[in-house]
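First the structure, in the form of structure tokens, and then the observations on it.
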Amino acid sequence: MQNRFYYYINPNLDPHQTLAVEEYMLKHIEPGDVIMYLYTHEDSVIIGKHQNAWAECRHEKLLADGGKLARRISGGGAVFHDVGNLNFSFIAAHDTYDLHRQLKVMLDAAHMFGIHAEFSGRNDIMADGRKFSGNAFCRRKNGSFHHGTILIDSDMDKLSQYLAVSKDKIESKGISSVRARVVNLKELNPDITPQKMTEALLAAYTAEYGDPQPYPFTDEARAEIDEIVSRNEGWDWLFGESPQFDITIKTRFAWGGIELMLDLKDAVILKAQVFSDAMDADFMDTIAPALIGCTFRSADLAQRIRAIPHTSEQDVILSDLASYIEEQGY
């Protein structure tokens, strides 16, 4: 089988459209394919699949100022995008997905500007001890993607205004503010622009994978993308149902924060909803359904959680959560 390498630079600045294109590409990726997808947004806050829009950003101010709120299909936390921020996505079939090679493209592009970059923690690319790229991941039937931000000349004042990062998340990282965690690459090399970084990424991608071809869009593809855009713009996708829950269990672990919201009747869970910035968004989908019908007792909850089917890598999530609930003594 011959590998095929594609690229696409999206001129659209609307996050609902750009994320729809990415989702379409992932759904239709074929064996042997790799796509490097680059895009930029006007002022936007992008939240992870399981994040609570009400809690993660000051969306009313954002919208009043002409910005947009969008939800992606990957896990991870909320990020602010503007035209000083370049976004990337590597979309690949399961046989060609290679995080090491994808990160190498990112690091090689930074090195072209004399910046020593390195991957750090669960999802950050760092330079000068600060983050300039937050990464997230998604796996589907045909393939996976690895995507993220590249802060080049982003407005840090707006970032601080629109993101509502919880105090426990900041404290868990031993830092004093959102702003203290991040760096614009322009601070490290004034010559960097989003356009120049785009050119560097294409050069690094070509060097690592070979000459890429423009991604081929068909009329059918554009129609399907339009349908995803309509969903992305909708209230249900952005905010979802927000019923009044009886019990909220909220805590943070090394792998991310989690908030369980439970609605009870006669001490039995009738509804459950999970908010989280954990990277494994698909796995987090399995937690809430597993709790329906469970008696609200620590031992019963912990037993249900530990019984959720999982891989060895996901064991730490269930073990941490079950142990925490046992400690609460419900």
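Chain lettering (A, B, ...) mirrors the order of the structure tokens, residue numbering begins at 1 for each chain separately, and ligand numbering begins at 1 in order of display.
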
Tell me which protein, DNA and RNA residues are within 12 Å of segment 190-197 of chain A, counting only C-alpha atoms, leaving out same-chain ones fewer than 4 positions away, and put them as a ChimeraX atom specification. /A:9,11,38-41,82-88,105-115,149-154,184-186,201-205

Find the spatial neighbours of Leu103 of chain A, counting only C-alpha atoms, within a cut-off of 12 Å - ignore same-chain residues fewer than 6 positions away - and output them as number ranges by chain. A: 36, 88-90, 97, 109-110, 117-120, 123-126, 133-135, 146-148, 201, 204-205, 208

Just the selected residues (N, CA and C atoms), exported as a tab-separated table (two decimals), in the first residue's frame, please.
```tsv
chain	number	residue	atom	x	y	z
A	36	MET	N	-1.58	17.09	7.16
A	36	MET	CA	-1.26	18.22	8.02
A	36	MET	C	-2.21	19.36	7.66
A	88	PHE	N	-2.70	23.78	14.36
A	88	PHE	CA	-2.29	22.67	13.50
A	88	PHE	C	-3.06	21.42	13.88
A	89	SER	N	-3.16	20.51	12.94
A	89	SER	CA	-3.74	19.19	13.20
A	89	SER	C	-3.05	18.18	12.29
A	90	PHE	N	-2.57	17.08	12.90
A	90	PHE	CA	-2.08	15.94	12.14
A	90	PHE	C	-3.15	14.86	12.21
A	97	TYR	N	-0.37	6.86	11.93
A	97	TYR	CA	-0.34	7.81	13.06
A	97	TYR	C	0.93	7.55	13.88
A	109	ALA	N	10.18	22.79	13.05
A	109	ALA	CA	9.75	24.12	12.58
A	109	ALA	C	10.19	25.20	13.56
A	110	ALA	N	10.06	24.95	14.86
A	110	ALA	CA	10.51	25.92	15.86
A	110	ALA	C	12.02	26.13	15.78
A	117	ALA	N	12.63	23.84	21.35
A	117	ALA	CA	11.32	23.46	21.88
A	117	ALA	C	11.35	22.00	22.32
A	118	GLU	N	10.47	21.64	23.26
A	118	GLU	CA	10.40	20.26	23.73
A	118	GLU	C	8.99	19.94	24.20
A	119	PHE	N	8.61	18.68	24.06
A	119	PHE	CA	7.31	18.22	24.53
A	119	PHE	C	7.40	17.98	26.02
A	120	SER	N	6.38	18.41	26.76
A	120	SER	CA	6.43	18.34	28.21
A	120	SER	C	5.08	17.93	28.77
A	123	ASN	N	0.56	17.20	27.55
A	123	ASN	CA	0.07	17.76	26.28
A	123	ASN	C	0.64	19.12	25.93
A	124	ASP	N	1.81	19.49	26.42
A	124	ASP	CA	2.35	20.82	26.17
A	124	ASP	C	3.64	20.76	25.36
A	125	ILE	N	3.85	21.76	24.49
A	125	ILE	CA	5.13	21.99	23.86
A	125	ILE	C	5.68	23.29	24.45
A	126	MET	N	6.90	23.22	24.97
A	126	MET	CA	7.46	24.30	25.76
A	126	MET	C	8.67	24.92	25.06
A	133	SER	N	2.41	25.82	22.95
A	133	SER	CA	1.50	24.94	22.22
A	133	SER	C	0.87	23.94	23.17
A	134	GLY	N	-0.45	24.01	23.28
A	134	GLY	CA	-1.20	23.00	24.01
A	134	GLY	C	-1.79	22.02	23.03
A	135	ASN	N	-1.63	20.72	23.29
A	135	ASN	CA	-2.05	19.69	22.34
A	135	ASN	C	-3.20	18.86	22.90
A	146	HIS	N	-3.98	14.52	16.18
A	146	HIS	CA	-3.21	15.23	17.21
A	146	HIS	C	-3.22	16.68	16.78
A	147	HIS	N	-3.82	17.54	17.58
A	147	HIS	CA	-3.91	18.94	17.17
A	147	HIS	C	-3.57	19.86	18.33
A	148	GLY	N	-3.36	21.14	17.98
A	148	GLY	CA	-3.03	22.08	19.04
A	148	GLY	C	-2.82	23.49	18.52
A	201	LEU	N	6.39	25.01	8.92
A	201	LEU	CA	5.73	23.73	9.17
A	201	LEU	C	5.61	22.91	7.88
A	204	ALA	N	9.06	21.52	7.19
A	204	ALA	CA	9.38	20.43	8.11
A	204	ALA	C	8.56	19.18	7.81
A	205	TYR	N	7.30	19.37	7.47
A	205	TYR	CA	6.42	18.26	7.11
A	205	TYR	C	6.93	17.55	5.85
A	208	GLU	N	10.04	15.52	6.61
A	208	GLU	CA	9.79	14.31	7.41
A	208	GLU	C	9.01	13.26	6.64
```

Here atom CA of Pro309 of chain A and atom CA of Ser323 of chain A stand apart by 17.0 Å

Measuring between only C-alpha atoms, which one of A:Gln17, A:Asn142, A:Ser312, A:Ser319 shows the shortest distance to Glu224 of chain A?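 Going through A:Gln17, A:Asn142, A:Ser312, A:Ser319 one by one, the smallest distance to Glu224 of chain A is for A:Gln17.
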
Which of A:Phe239, A:Phe217, A:Tyr324, A:Tyr209 sits closest to Thr251 of chain A [using only C-alpha atoms]: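 Ranked by minimum distance to Thr251 of chain A, first place goes to A:Tyr324.
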
Find the residues near Ala20 of chain A: any atom within 6 Å, counting only C-alpha atoms, skip ones fewer than 3 places away on the same chain, and give them as a PyMOL selection string. chain A and resi 17+23+225+228-229

Please, which residues in segment 80-171 of chain A fall within 9 Å of segment 276-289 of chain A when counting only C-alpha atoms, and what is the closest atom pair and distance in Å to one decimal for each, ordered by chain then residue number, as JSON lines?
```
{"residue": "A:Arg122", "atom": "CA", "partner": "A:Met279", "partner_atom": "CA", "distance": 8.1}
{"residue": "A:Asn123", "atom": "CA", "partner": "A:Met279", "partner_atom": "CA", "distance": 8.2}
{"residue": "A:Ala136", "atom": "CA", "partner": "A:Met279", "partner_atom": "CA", "distance": 6.4}
{"residue": "A:Phe137", "atom": "CA", "partner": "A:Met279", "partner_atom": "CA", "distance": 6.7}
{"residue": "A:Cys138", "atom": "CA", "partner": "A:Ala281", "partner_atom": "CA", "distance": 7.3}
{"residue": "A:Arg139", "atom": "CA", "partner": "A:Asp282", "partner_atom": "CA", "distance": 7.8}
{"residue": "A:Arg140", "atom": "CA", "partner": "A:Asp282", "partner_atom": "CA", "distance": 8.8}
```

Write the residues you've just listed into a file as a PDB file, in the first residue's frame, and include N, CA and C atoms for each of them.
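selection-v7.pdb written:
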```pdb
ATOM      1  N   ARG A 122       1.657  16.107  29.833  1.00  0.00           N
ATOM      2  CA  ARG A 122       0.692  15.291  29.104  1.00  0.00           C
ATOM      3  C   ARG A 122       0.330  15.869  27.748  1.00  0.00           C
ATOM      4  N   ASN A 123       0.557  17.199  27.551  1.00  0.00           N
ATOM      5  CA  ASN A 123       0.072  17.760  26.284  1.00  0.00           C
ATOM      6  C   ASN A 123       0.637  19.124  25.930  1.00  0.00           C
ATOM      7  N   ALA A 136      -4.015  18.322  22.002  1.00  0.00           N
ATOM      8  CA  ALA A 136      -5.103  17.425  22.371  1.00  0.00           C
ATOM      9  C   ALA A 136      -5.201  16.335  21.309  1.00  0.00           C
ATOM     10  N   PHE A 137      -5.965  15.294  21.630  1.00  0.00           N
ATOM     11  CA  PHE A 137      -5.952  14.099  20.799  1.00  0.00           C
ATOM     12  C   PHE A 137      -7.359  13.515  20.667  1.00  0.00           C
ATOM     13  N   CYS A 138      -7.587  12.815  19.562  1.00  0.00           N
ATOM     14  CA  CYS A 138      -8.867  12.145  19.353  1.00  0.00           C
ATOM     15  C   CYS A 138      -8.641  10.895  18.514  1.00  0.00           C
ATOM     16  N   ARG A 139      -9.286   9.817  18.890  1.00  0.00           N
ATOM     17  CA  ARG A 139      -9.186   8.553  18.169  1.00  0.00           C
ATOM     18  C   ARG A 139     -10.576   8.124  17.722  1.00  0.00           C
ATOM     19  N   ARG A 140     -10.700   7.738  16.468  1.00  0.00           N
ATOM     20  CA  ARG A 140     -11.956   7.263  15.923  1.00  0.00           C
ATOM     21  C   ARG A 140     -11.721   5.958  15.170  1.00  0.00           C
TER      22      ARG A 140
END
```

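If only C-alpha atoms are the atoms counted, then among A:Asp211, A:Asp219, A:Glu227, A:Glu199 the closest residue to Phe5 of chain A is A:Asp211.
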
From the set A:Asp65, A:Glu326, A:Glu313, A:Glu220, which residue has the shortest atom-to-atom contact distance to His28 of chain A, counting only C-alpha atoms?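 Using only C-alpha atoms, the shortest distance to His28 of chain A belongs to A:Glu220.
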
So that I can see what lies close to Gln213 of chain A, please list as an MDAnalysis selection string the residues with an atom at most 9 Å from it, counting only C-alpha atoms and leaving out residues fewer than 4 positions away in the same chain. chainID A and resid 4:8

Given only C-alpha atoms as the counted atoms, nearest of A:Pro216, A:Ile73, A:Gln51, A:Val79 to Val274 of chain A: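 So, comparing all the options, the nearest one is A:Gln51.
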
For the structure I just gave you, how does DSSP split segment 61-158 of chain A - specifically, which residues are strand (DSSP E or B)? Reply as a PyMOL selection string. chain A and resi 68-71+79-81+85-93+117-120+124-127+130-139+143-151

Taking only C-alpha atoms into account, which of A:Ile269, A:Ala55, A:Ile317, A:Ala322 comes nearest Ile305 of chain A? A:Ala322

Neighbouring residues of Ala221 of chain A were defined as those with any atom within 10 Å, considering only C-alpha atoms; residues of the same chain fewer than 6 positions away were excluded. Please report them as a PyMOL selection string. chain A and resi 21+24-25+28

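The space separating atom CA of Val45 of chain A from atom CA of Lys68 of chain A comes to 6.5 Å.
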